[in-house]
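Engineer: Can you keep this structure in mind? I'll have questions shortly.
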Amino acid sequence: TRRALLLAAAAAGVSRSSVADVSVADRVAQDMALRAAELRQDVAYPPALLGDWRCRREVSRVDGEVSEATTVWKALGGAGDLRRPEQFAVRFIATPDTRRRACVLDRGFEYSQRSGLPPAAVTWSGDAPDRLSARMTTREAIDIEVLTRDVRPFSPDPPYGFGFTEKLRIRLQREGEPTEITATLSRQLAPASDGAIEGSETLATFRSIYVSGSRVAAPSS
């Protein structure tokens with residue numbers, strides 16, 4: 001039913017934009033462009049996910065350099081042993097755009113719960129979802145920036161899943177020179193029969209190397 005409503009709304013928008021009144025058509029075009037920009041701001045989840053959930057994560061395979069994979073896993077909030085299952089709370093909050101019936105992942109809350117850091121040590125805002133920073137100690141901090149985001153639409157067939165891929169730039173500030181790592185994070189999510197949300201995640205890391213005098217990103221894990 002919800003998919004049908006969305007399709008109907010889209011069809012209405014198309015017919016409205018064909019009105020001969022140029023000013024009306026321009027306003028509709030501007031509104032559609034604005035909404036498209038808002039959709040790209042963060043990954044939108046169905047409103048049924050609003051609230052607190054319990055997340056269980058387990059690493060099934062590590063290819064390439066285990067040390068590099070572990071570094072990025074910890075930078076993204078992992079704590080303890082990479083190969084041990086994780087359990088932590090996650091929270092979905094209403095999107096800042098009140099016109100949208102959707103919610104977004106509270107990335108700051110998730111990072112705090114997953115890493116064990118106090119909430120005050122993590123900085124993130126739904127109004128600027130592409131930046132997250134965390135301070136571990138007075139000499140150690142992490143800054144995560146989403147450089148690009150590609151959201152794949154909901155599948156029209158069961159189990160009606162969707163996915164997204166984000167390119168991340170991770171800066172690790174420790175004693176000495178800061179370290180910068182590029183990574184891509186891809187998730188595919190779908191509802192399960194028991195009411196849970198099942199998903200798979202692929203995290204790839206890249207290291208900058210020089211080839212024929214040019215700097216390129218080479219996969220490392």
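Every chain in the structure tokens has a letter given in the order shown (A, B, ...), and although residue numbers restart at 1 in each chain, ligands are simply numbered from 1 in the order shown.
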Which residues in segment 36-165 of chain A does DSSP call strand (DSSP E)? List them as a PDB file with N, CA and C atoms, in the first residue's frame.
Structural biologist:
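Wrote it out as part_28.pdb, contents follow:
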```pdb
ATOM      1  N   GLY A  51      12.913   4.457  16.838  1.00  0.00           N
ATOM      2  CA  GLY A  51      13.090   3.969  18.197  1.00  0.00           C
ATOM      3  C   GLY A  51      14.386   3.197  18.370  1.00  0.00           C
ATOM      4  N   ASP A  52      14.477   2.481  19.482  1.00  0.00           N
ATOM      5  CA  ASP A  52      15.692   1.741  19.845  1.00  0.00           C
ATOM      6  C   ASP A  52      15.612   0.286  19.417  1.00  0.00           C
ATOM      7  N   TRP A  53      16.732  -0.234  18.925  1.00  0.00           N
ATOM      8  CA  TRP A  53      16.849  -1.618  18.499  1.00  0.00           C
ATOM      9  C   TRP A  53      18.126  -2.198  19.085  1.00  0.00           C
ATOM     10  N   ARG A  54      18.222  -3.510  19.035  1.00  0.00           N
ATOM     11  CA  ARG A  54      19.437  -4.203  19.465  1.00  0.00           C
ATOM     12  C   ARG A  54      20.114  -4.773  18.230  1.00  0.00           C
ATOM     13  N   CYS A  55      21.374  -4.437  18.035  1.00  0.00           N
ATOM     14  CA  CYS A  55      22.108  -4.881  16.854  1.00  0.00           C
ATOM     15  C   CYS A  55      23.117  -5.968  17.230  1.00  0.00           C
ATOM     16  N   ARG A  56      23.160  -7.026  16.437  1.00  0.00           N
ATOM     17  CA  ARG A  56      24.161  -8.081  16.596  1.00  0.00           C
ATOM     18  C   ARG A  56      24.973  -8.159  15.314  1.00  0.00           C
ATOM     19  N   ARG A  57      26.281  -8.030  15.441  1.00  0.00           N
ATOM     20  CA  ARG A  57      27.171  -8.052  14.285  1.00  0.00           C
ATOM     21  C   ARG A  57      28.189  -9.173  14.449  1.00  0.00           C
ATOM     22  N   GLU A  86      29.524  -8.887  18.093  1.00  0.00           N
ATOM     23  CA  GLU A  86      29.235  -7.657  18.842  1.00  0.00           C
ATOM     24  C   GLU A  86      27.728  -7.563  19.085  1.00  0.00           C
ATOM     25  N   GLN A  87      27.354  -6.950  20.186  1.00  0.00           N
ATOM     26  CA  GLN A  87      25.968  -6.617  20.465  1.00  0.00           C
ATOM     27  C   GLN A  87      25.926  -5.234  21.099  1.00  0.00           C
ATOM     28  N   PHE A  88      25.075  -4.375  20.559  1.00  0.00           N
ATOM     29  CA  PHE A  88      24.973  -3.016  21.095  1.00  0.00           C
ATOM     30  C   PHE A  88      23.646  -2.418  20.652  1.00  0.00           C
ATOM     31  N   ALA A  89      23.262  -1.339  21.302  1.00  0.00           N
ATOM     32  CA  ALA A  89      21.998  -0.665  20.986  1.00  0.00           C
ATOM     33  C   ALA A  89      22.181   0.286  19.815  1.00  0.00           C
ATOM     34  N   VAL A  90      21.155   0.390  18.983  1.00  0.00           N
ATOM     35  CA  VAL A  90      21.119   1.396  17.920  1.00  0.00           C
ATOM     36  C   VAL A  90      19.786   2.127  18.016  1.00  0.00           C
ATOM     37  N   ARG A  91      19.745   3.310  17.432  1.00  0.00           N
ATOM     38  CA  ARG A  91      18.543   4.137  17.530  1.00  0.00           C
ATOM     39  C   ARG A  91      18.269   4.803  16.188  1.00  0.00           C
ATOM     40  N   PHE A  92      17.004   4.770  15.785  1.00  0.00           N
ATOM     41  CA  PHE A  92      16.569   5.462  14.583  1.00  0.00           C
ATOM     42  C   PHE A  92      15.724   6.662  15.000  1.00  0.00           C
ATOM     43  N   ILE A  93      16.025   7.809  14.420  1.00  0.00           N
ATOM     44  CA  ILE A  93      15.363   9.055  14.790  1.00  0.00           C
ATOM     45  C   ILE A  93      14.664   9.649  13.570  1.00  0.00           C
ATOM     46  N   ALA A  94      13.713  10.544  13.819  1.00  0.00           N
ATOM     47  CA  ALA A  94      12.995  11.187  12.725  1.00  0.00           C
ATOM     48  C   ALA A  94      13.957  12.017  11.887  1.00  0.00           C
ATOM     49  N   CYS A 103      12.958   7.765   8.640  1.00  0.00           N
ATOM     50  CA  CYS A 103      13.845   7.994   9.779  1.00  0.00           C
ATOM     51  C   CYS A 103      15.281   7.732   9.338  1.00  0.00           C
ATOM     52  N   VAL A 104      16.214   8.156  10.164  1.00  0.00           N
ATOM     53  CA  VAL A 104      17.630   7.960   9.870  1.00  0.00           C
ATOM     54  C   VAL A 104      18.298   7.334  11.087  1.00  0.00           C
ATOM     55  N   LEU A 105      19.419   6.687  10.850  1.00  0.00           N
ATOM     56  CA  LEU A 105      20.182   6.094  11.931  1.00  0.00           C
ATOM     57  C   LEU A 105      20.877   7.186  12.723  1.00  0.00           C
ATOM     58  N   VAL A 122      31.464  11.879  21.585  1.00  0.00           N
ATOM     59  CA  VAL A 122      31.122  11.665  20.176  1.00  0.00           C
ATOM     60  C   VAL A 122      30.307  12.853  19.678  1.00  0.00           C
ATOM     61  N   THR A 123      30.683  13.392  18.530  1.00  0.00           N
ATOM     62  CA  THR A 123      29.980  14.534  17.948  1.00  0.00           C
ATOM     63  C   THR A 123      29.384  14.141  16.609  1.00  0.00           C
ATOM     64  N   TRP A 124      28.059  14.273  16.492  1.00  0.00           N
ATOM     65  CA  TRP A 124      27.351  13.997  15.240  1.00  0.00           C
ATOM     66  C   TRP A 124      26.008  14.704  15.289  1.00  0.00           C
ATOM     67  N   SER A 125      25.519  15.136  14.125  1.00  0.00           N
ATOM     68  CA  SER A 125      24.230  15.820  14.048  1.00  0.00           C
ATOM     69  C   SER A 125      23.466  15.317  12.826  1.00  0.00           C
ATOM     70  N   ALA A 128      23.839  17.466   9.794  1.00  0.00           N
ATOM     71  CA  ALA A 128      25.099  17.341   9.045  1.00  0.00           C
ATOM     72  C   ALA A 128      25.587  15.904   9.194  1.00  0.00           C
ATOM     73  N   PRO A 129      24.870  14.949   8.585  1.00  0.00           N
ATOM     74  CA  PRO A 129      25.111  13.532   8.871  1.00  0.00           C
ATOM     75  C   PRO A 129      26.401  12.959   8.303  1.00  0.00           C
ATOM     76  N   ASP A 130      27.083  13.724   7.448  1.00  0.00           N
ATOM     77  CA  ASP A 130      28.273  13.173   6.796  1.00  0.00           C
ATOM     78  C   ASP A 130      29.551  13.320   7.610  1.00  0.00           C
ATOM     79  N   ARG A 131      29.477  13.909   8.781  1.00  0.00           N
ATOM     80  CA  ARG A 131      30.667  14.082   9.628  1.00  0.00           C
ATOM     81  C   ARG A 131      30.413  13.531  11.020  1.00  0.00           C
ATOM     82  N   LEU A 132      31.345  12.739  11.497  1.00  0.00           N
ATOM     83  CA  LEU A 132      31.304  12.227  12.872  1.00  0.00           C
ATOM     84  C   LEU A 132      32.716  12.282  13.428  1.00  0.00           C
ATOM     85  N   SER A 133      32.837  12.768  14.642  1.00  0.00           N
ATOM     86  CA  SER A 133      34.144  12.792  15.297  1.00  0.00           C
ATOM     87  C   SER A 133      34.021  12.200  16.685  1.00  0.00           C
ATOM     88  N   ALA A 134      35.088  11.574  17.129  1.00  0.00           N
ATOM     89  CA  ALA A 134      35.107  10.941  18.450  1.00  0.00           C
ATOM     90  C   ALA A 134      36.472  11.161  19.073  1.00  0.00           C
ATOM     91  N   ARG A 135      36.480  11.469  20.362  1.00  0.00           N
ATOM     92  CA  ARG A 135      37.735  11.669  21.082  1.00  0.00           C
ATOM     93  C   ARG A 135      37.899  10.556  22.105  1.00  0.00           C
ATOM     94  N   MET A 136      38.914   9.716  21.872  1.00  0.00           N
ATOM     95  CA  MET A 136      39.172   8.598  22.770  1.00  0.00           C
ATOM     96  C   MET A 136      39.891   9.059  24.031  1.00  0.00           C
ATOM     97  N   THR A 137      40.975   9.811  23.844  1.00  0.00           N
ATOM     98  CA  THR A 137      41.757  10.364  24.943  1.00  0.00           C
ATOM     99  C   THR A 137      42.144  11.786  24.555  1.00  0.00           C
ATOM    100  N   GLU A 140      44.192  11.213  21.392  1.00  0.00           N
ATOM    101  CA  GLU A 140      43.721  10.325  20.334  1.00  0.00           C
ATOM    102  C   GLU A 140      42.296  10.693  19.939  1.00  0.00           C
ATOM    103  N   ALA A 141      42.094  10.930  18.637  1.00  0.00           N
ATOM    104  CA  ALA A 141      40.778  11.309  18.131  1.00  0.00           C
ATOM    105  C   ALA A 141      40.585  10.720  16.741  1.00  0.00           C
ATOM    106  N   ILE A 142      39.324  10.604  16.346  1.00  0.00           N
ATOM    107  CA  ILE A 142      38.969  10.050  15.043  1.00  0.00           C
ATOM    108  C   ILE A 142      37.951  10.965  14.390  1.00  0.00           C
ATOM    109  N   ASP A 143      38.127  11.203  13.100  1.00  0.00           N
ATOM    110  CA  ASP A 143      37.181  11.989  12.329  1.00  0.00           C
ATOM    111  C   ASP A 143      36.781  11.166  11.110  1.00  0.00           C
ATOM    112  N   ILE A 144      35.468  10.967  10.922  1.00  0.00           N
ATOM    113  CA  ILE A 144      34.945  10.174   9.813  1.00  0.00           C
ATOM    114  C   ILE A 144      34.094  11.078   8.934  1.00  0.00           C
ATOM    115  N   GLU A 145      34.363  11.074   7.645  1.00  0.00           N
ATOM    116  CA  GLU A 145      33.606  11.883   6.699  1.00  0.00           C
ATOM    117  C   GLU A 145      33.095  11.001   5.559  1.00  0.00           C
ATOM    118  N   VAL A 146      31.805  11.127   5.260  1.00  0.00           N
ATOM    119  CA  VAL A 146      31.223  10.434   4.113  1.00  0.00           C
ATOM    120  C   VAL A 146      31.459  11.300   2.885  1.00  0.00           C
ATOM    121  N   LEU A 147      32.252  10.802   1.948  1.00  0.00           N
ATOM    122  CA  LEU A 147      32.587  11.571   0.749  1.00  0.00           C
ATOM    123  C   LEU A 147      31.511  11.436  -0.319  1.00  0.00           C
ATOM    124  N   THR A 148      31.029  10.228  -0.520  1.00  0.00           N
ATOM    125  CA  THR A 148      29.958   9.988  -1.489  1.00  0.00           C
ATOM    126  C   THR A 148      29.003   8.947  -0.917  1.00  0.00           C
ATOM    127  N   ARG A 149      27.765   8.979  -1.382  1.00  0.00           N
ATOM    128  CA  ARG A 149      26.760   8.018  -0.917  1.00  0.00           C
ATOM    129  C   ARG A 149      25.872   7.621  -2.086  1.00  0.00           C
ATOM    130  N   ASP A 150      25.685   6.344  -2.249  1.00  0.00           N
ATOM    131  CA  ASP A 150      24.807   5.807  -3.297  1.00  0.00           C
ATOM    132  C   ASP A 150      23.769   4.915  -2.634  1.00  0.00           C
ATOM    133  N   VAL A 151      22.514   5.332  -2.654  1.00  0.00           N
ATOM    134  CA  VAL A 151      21.435   4.565  -2.022  1.00  0.00           C
ATOM    135  C   VAL A 151      20.678   3.810  -3.110  1.00  0.00           C
ATOM    136  N   ARG A 152      20.592   2.517  -2.950  1.00  0.00           N
ATOM    137  CA  ARG A 152      19.862   1.686  -3.908  1.00  0.00           C
ATOM    138  C   ARG A 152      18.403   1.573  -3.465  1.00  0.00           C
ATOM    139  N   PHE A 162      16.731  -3.061   0.565  1.00  0.00           N
ATOM    140  CA  PHE A 162      17.407  -1.954  -0.094  1.00  0.00           C
ATOM    141  C   PHE A 162      18.840  -1.915   0.422  1.00  0.00           C
ATOM    142  N   GLY A 163      19.656  -1.111  -0.206  1.00  0.00           N
ATOM    143  CA  GLY A 163      21.054  -1.055   0.213  1.00  0.00           C
ATOM    144  C   GLY A 163      21.673   0.289  -0.080  1.00  0.00           C
ATOM    145  N   PHE A 164      22.891   0.462   0.365  1.00  0.00           N
ATOM    146  CA  PHE A 164      23.614   1.699   0.094  1.00  0.00           C
ATOM    147  C   PHE A 164      25.119   1.446   0.189  1.00  0.00           C
ATOM    148  N   THR A 165      25.869   2.322  -0.435  1.00  0.00           N
ATOM    149  CA  THR A 165      27.330   2.279  -0.377  1.00  0.00           C
ATOM    150  C   THR A 165      27.837   3.679  -0.070  1.00  0.00           C
TER     151      THR A 165
END
```
Engineer: What does the distance from atom CA of Glu58 of chain A to atom CA of Pro178 of chain A come to in Å, to one decimal?
Structural biologist: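 Between atom CA of Glu58 of chain A and atom CA of Pro178 of chain A the gap works out to 29.1 Å.
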Engineer: Name the residues in contact with Gly199 of chain A at a cut-off of 9 Å, using only C-alpha atoms, excluding same-chain residues fewer than 4 positions from it; report them as a list in words.
Structural biologist: Arg187, Gln188, Leu189, Ala190 and Pro191 of chain A
Engineer: Would you mind telling me which residue in A:Glu201, A:Glu166, A:Phe206, A:Ala183 lies nearest to Arg61 of chain A when using only C-alpha atoms?
Structural biologist: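 So, comparing all the options, the nearest one is A:Glu201.
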Engineer: Could you check how far atom CA of Glu180 of chain A sits from atom CA of Gly80 of chain A, in Å to one decimal?
Structural biologist: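 Taking atom CA of Glu180 of chain A and atom CA of Gly80 of chain A, their separation equals 22.0 Å.
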Engineer: Give me every helix (DSSP H, G or I) residue in segment 23-186 of chain A, going by DSSP on the backbone, as a PyMOL selection string.
Structural biologist: chain A and resi 23-41+47-49+66-75+107-115+119-121
Engineer: Rank nothing, just name the residue among A:Leu117, A:Leu76, A:Val66, A:Leu50 nearest to Ile181 of chain A, using only C-alpha atoms.
Structural biologist: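 Among the listed residues, the smallest separation from Ile181 of chain A belongs to A:Leu76.
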Engineer: For Trp73 of chain A, please output as a PyMOL selection string all residues within 12 Å (counting only C-alpha atoms; exclusion window: fewer than 2 positions along the same chain).
Structural biologist: chain A and resi 57-59+62+66-71+75-83+86+111+114-115+170+181+183-185+201-205+221
Engineer: What is the distance, in Å and to one decimal place, between atom CA of Gly116 of chain A and atom CA of Gly195 of chain A?
Structural biologist: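 Those two atoms sit 27.1 Å apart.
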